$ cat start.cif   # mmCIF, C-alpha atoms
data_coords
#
loop_
_atom_site.group_PDB
_atom_site.id
_atom_site.type_symbol
_atom_site.label_atom_id
_atom_site.label_comp_id
_atom_site.auth_asym_id
_atom_site.auth_seq_id
_atom_site.Cartn_x
_atom_site.Cartn_y
_atom_site.Cartn_z
ATOM 1 C CA MET B 196 -60.835 -37.331 67.595
ATOM 2 C CA SER B 197 -62.597 -35.349 64.915
ATOM 3 C CA THR B 198 -60.760 -34.239 61.801
ATOM 4 C CA LEU B 199 -61.114 -31.322 59.468
ATOM 5 C CA THR B 200 -59.586 -30.719 56.085
ATOM 6 C CA VAL B 201 -57.690 -27.447 55.832
ATOM 7 C CA ARG B 202 -56.065 -26.189 52.669
ATOM 8 C CA ILE B 203 -52.421 -25.164 52.922
ATOM 9 C CA SER B 204 -49.983 -23.951 50.326
ATOM 10 C CA ASP B 205 -47.655 -26.330 48.507
ATOM 11 C CA ASN B 206 -44.721 -24.704 50.287
ATOM 12 C CA SER B 207 -46.295 -25.263 53.717
ATOM 13 C CA ARG B 208 -47.052 -28.893 52.861
ATOM 14 C CA THR B 209 -43.442 -29.428 51.794
ATOM 15 C CA ILE B 210 -42.149 -27.925 55.025
ATOM 16 C CA LEU B 211 -44.607 -29.969 57.062
ATOM 17 C CA ARG B 212 -43.512 -33.200 55.355
ATOM 18 C CA GLU B 213 -39.825 -32.380 55.874
ATOM 19 C CA LEU B 214 -40.347 -31.632 59.548
ATOM 20 C CA ALA B 215 -42.417 -34.773 60.041
ATOM 21 C CA ALA B 216 -39.709 -36.901 58.422
ATOM 22 C CA LYS B 217 -36.971 -35.245 60.428
ATOM 23 C CA GLU B 218 -38.841 -35.667 63.719
ATOM 24 C CA LYS B 219 -40.182 -39.126 62.794
ATOM 25 C CA ALA B 220 -43.663 -37.885 63.649
ATOM 26 C CA SER B 221 -46.930 -37.487 61.819
ATOM 27 C CA MET B 222 -47.652 -34.286 59.944
ATOM 28 C CA GLN B 223 -50.626 -33.808 62.291
ATOM 29 C CA ALA B 224 -48.336 -34.016 65.343
ATOM 30 C CA ILE B 225 -45.952 -31.470 63.813
ATOM 31 C CA LEU B 226 -48.839 -29.160 62.976
ATOM 32 C CA ASP B 227 -50.211 -29.505 66.521
ATOM 33 C CA LYS B 228 -46.797 -28.566 67.964
ATOM 34 C CA ALA B 229 -46.448 -25.632 65.590
ATOM 35 C CA LEU B 230 -49.884 -24.281 66.456
ATOM 36 C CA GLU B 231 -49.253 -24.622 70.187
ATOM 37 C CA SER B 232 -45.941 -22.799 69.816
ATOM 38 C CA TYR B 233 -47.624 -20.022 67.840
ATOM 39 C CA ARG B 234 -50.430 -19.767 70.432
ATOM 40 C CA ARG B 235 -47.861 -19.371 73.221
ATOM 41 C CA GLN B 236 -45.916 -16.789 71.219
ATOM 42 C CA LEU B 237 -49.058 -14.702 70.710
ATOM 43 C CA PHE B 238 -49.920 -14.985 74.402
ATOM 44 C CA LEU B 239 -46.494 -13.705 75.434
ATOM 45 C CA THR B 240 -46.683 -10.897 72.886
ATOM 46 C CA GLU B 241 -50.014 -9.823 74.387
ATOM 47 C CA VAL B 242 -48.614 -10.031 77.925
ATOM 48 C CA ASN B 243 -45.635 -7.884 76.923
ATOM 49 C CA LYS B 244 -47.939 -5.295 75.354
ATOM 50 C CA ALA B 245 -50.094 -5.219 78.487
ATOM 51 C CA TYR B 246 -47.043 -4.728 80.724
ATOM 52 C CA ALA B 247 -45.769 -1.975 78.442
ATOM 53 C CA ALA B 248 -49.140 -0.207 78.689
ATOM 54 C CA LEU B 249 -49.192 -0.707 82.460
ATOM 55 C CA ARG B 250 -45.733 0.749 82.761
ATOM 56 C CA GLN B 251 -46.944 3.935 81.067
ATOM 57 C CA ASP B 252 -49.226 4.550 84.064
ATOM 58 C CA PRO B 253 -46.924 5.520 86.976
ATOM 59 C CA LYS B 254 -49.597 4.957 89.639
ATOM 60 C CA ALA B 255 -50.543 1.527 88.356
ATOM 61 C CA TRP B 256 -46.896 0.523 87.917
ATOM 62 C CA ALA B 257 -46.086 1.618 91.477
ATOM 63 C CA GLN B 258 -48.903 -0.633 92.698
ATOM 64 C CA VAL B 259 -47.442 -3.571 90.759
ATOM 65 C CA GLU B 260 -44.021 -2.937 92.252
ATOM 66 C CA LYS B 261 -45.521 -2.688 95.748
ATOM 67 C CA GLU B 262 -47.317 -6.008 95.294
ATOM 68 C CA ARG B 263 -44.139 -7.662 94.012
ATOM 69 C CA ALA B 264 -42.272 -6.479 97.094
ATOM 70 C CA GLU B 265 -44.975 -7.944 99.316
ATOM 71 C CA TRP B 266 -44.779 -11.316 97.541
ATOM 72 C CA GLU B 267 -40.980 -11.270 97.709
ATOM 73 C CA ALA B 268 -41.198 -11.462 101.489
ATOM 74 C CA THR B 269 -43.155 -14.739 101.273
ATOM 75 C CA LEU B 270 -40.571 -16.746 99.321
ATOM 76 C CA GLY B 271 -39.103 -18.377 102.403
ATOM 77 C CA ASP B 272 -42.312 -18.818 104.405
ATOM 78 C CA GLY B 273 -42.217 -21.977 106.456
ATOM 79 C CA LEU B 274 -38.538 -22.710 105.841
ATOM 80 C CA GLU B 275 -35.962 -22.843 108.533
ATOM 81 C CA PRO B 276 -32.980 -20.545 107.866
ATOM 82 C CA GLU B 277 -30.794 -23.533 106.976
ATOM 83 C CA GLU B 278 -33.343 -25.105 104.573
ATOM 84 C CA GLU B 279 -34.241 -24.317 101.034
ATOM 85 C CA GLY B 280 -36.684 -25.756 98.537
ATOM 86 C CA THR B 281 -35.705 -27.565 95.373
ATOM 87 C CA GLU B 282 -37.408 -27.814 91.994
ATOM 88 C CA ASN B 283 -39.012 -31.140 92.874
ATOM 89 C CA GLY B 284 -40.360 -29.786 96.145
ATOM 90 C CA LYS B 285 -38.059 -31.734 98.463
ATOM 91 C CA MET B 286 -36.256 -29.884 101.188
ATOM 92 C CA ILE B 287 -32.501 -29.798 101.471
ATOM 93 C CA ARG B 288 -30.295 -28.459 104.191
ATOM 94 C CA LYS B 289 -27.871 -25.686 103.387
ATOM 95 C CA GLU B 290 -24.329 -26.158 104.517
ATOM 96 C CA ARG B 291 -23.493 -23.842 107.349
ATOM 97 C CA ARG B 292 -20.445 -21.795 106.658
ATOM 98 C CA LYS B 293 -18.091 -21.277 109.530
ATOM 99 C CA ARG B 294 -17.436 -17.657 110.223
ATOM 100 C CA ARG B 295 -13.883 -16.643 110.432
ATOM 101 C CA GLY B 296 -13.326 -14.103 113.115
#

$ encode --input "start.cif" --output "structure tokens"
Amino acid sequence: MSTLTVRISDNSRTILRELAAKEKASMQAILDKALESYRRQLFLTEVNKAYAALRQDPKAWAQVEKERAEWEATLGDGLEPEEEGTENGKMIRKERRKRRG
């Protein structure tokens, strides 16, 4: 792994040390986590801006809604009516409810 020296403020170094001590991790590991979190936050901000811009175009937004509706119909593909998927991918059987007449 290559390394690079980056200057940070005294305040940032203090925070980094405190977080590293609290998490019992290296300052590099804490910095890596912080940067990844910031990268994800920026990504989601950009996605939200793009959706907001898309929503301003009624034709384009209608197309998105149409596509969502088409995908919605595929959620149960391949499943029997009494089966459902689980988070780990295993199939479980739904309990059949008796109808009261």

$ closest_residue --input "start.cif" --among "B:Leu226, B:Glu231, B:Gln251, B:Leu199" --to "Arg212 in chain B" --atoms "all atoms listed in the file"
B:Leu226

$ atom_distance --input "start.cif" --atom1 "CA of Arg235 in chain B" --atom2 "CA of Glu267 in chain B"
26.7 Å

$ residues_around --input "start.cif" --residues "Val201 in chain B" --least-positions-apart "6" --cutoff "12 Å" --atoms "only C-alpha atoms" --output "VMD selection string"
chain B and resid 207 to 208 223 226

$ residues_around --input "start.cif" --residues "Leu214 in chain B" --least-positions-apart "4" --cutoff "12 Å" --atoms "all atoms listed in the file" --output "list in words"
Ser207, Arg208, Thr209, Ile210, Glu218, Lys219, Ala220, Ser221, Met222, Gln223, Ala224, Ile225, Leu226, Lys228 and Ala229 of chain B

$ write_last_selection --input "start.cif" --atoms "C-alpha atoms" --output "tab-separated table (two decimals), in the coordinates of the input"
chain	number	residue	atom	x	y	z
B	207	SER	CA	-46.30	-25.26	53.72
B	208	ARG	CA	-47.05	-28.89	52.86
B	209	THR	CA	-43.44	-29.43	51.79
B	210	ILE	CA	-42.15	-27.92	55.02
B	218	GLU	CA	-38.84	-35.67	63.72
B	219	LYS	CA	-40.18	-39.13	62.79
B	220	ALA	CA	-43.66	-37.88	63.65
B	221	SER	CA	-46.93	-37.49	61.82
B	222	MET	CA	-47.65	-34.29	59.94
B	223	GLN	CA	-50.63	-33.81	62.29
B	224	ALA	CA	-48.34	-34.02	65.34
B	225	ILE	CA	-45.95	-31.47	63.81
B	226	LEU	CA	-48.84	-29.16	62.98
B	228	LYS	CA	-46.80	-28.57	67.96
B	229	ALA	CA	-46.45	-25.63	65.59

$ atom_distance --input "start.cif" --atom1 "CA of Val242 in chain B" --atom2 "CA of Glu260 in chain B"
16.6 Å

$ axis_aligned_box --input "start.cif" --around "range 233-241 of chain B" --padding-each-side "5 Å" --output "AutoDock Vina command-line options"
--center_x -48.2 --center_y -14.9 --center_z 71.6 --size_x 14.5 --size_y 20.2 --size_z 17.6

$ atom_distance --input "start.cif" --atom1 "CA of Arg202 in chain B" --atom2 "CA of Tyr233 in chain B"
18.4 Å
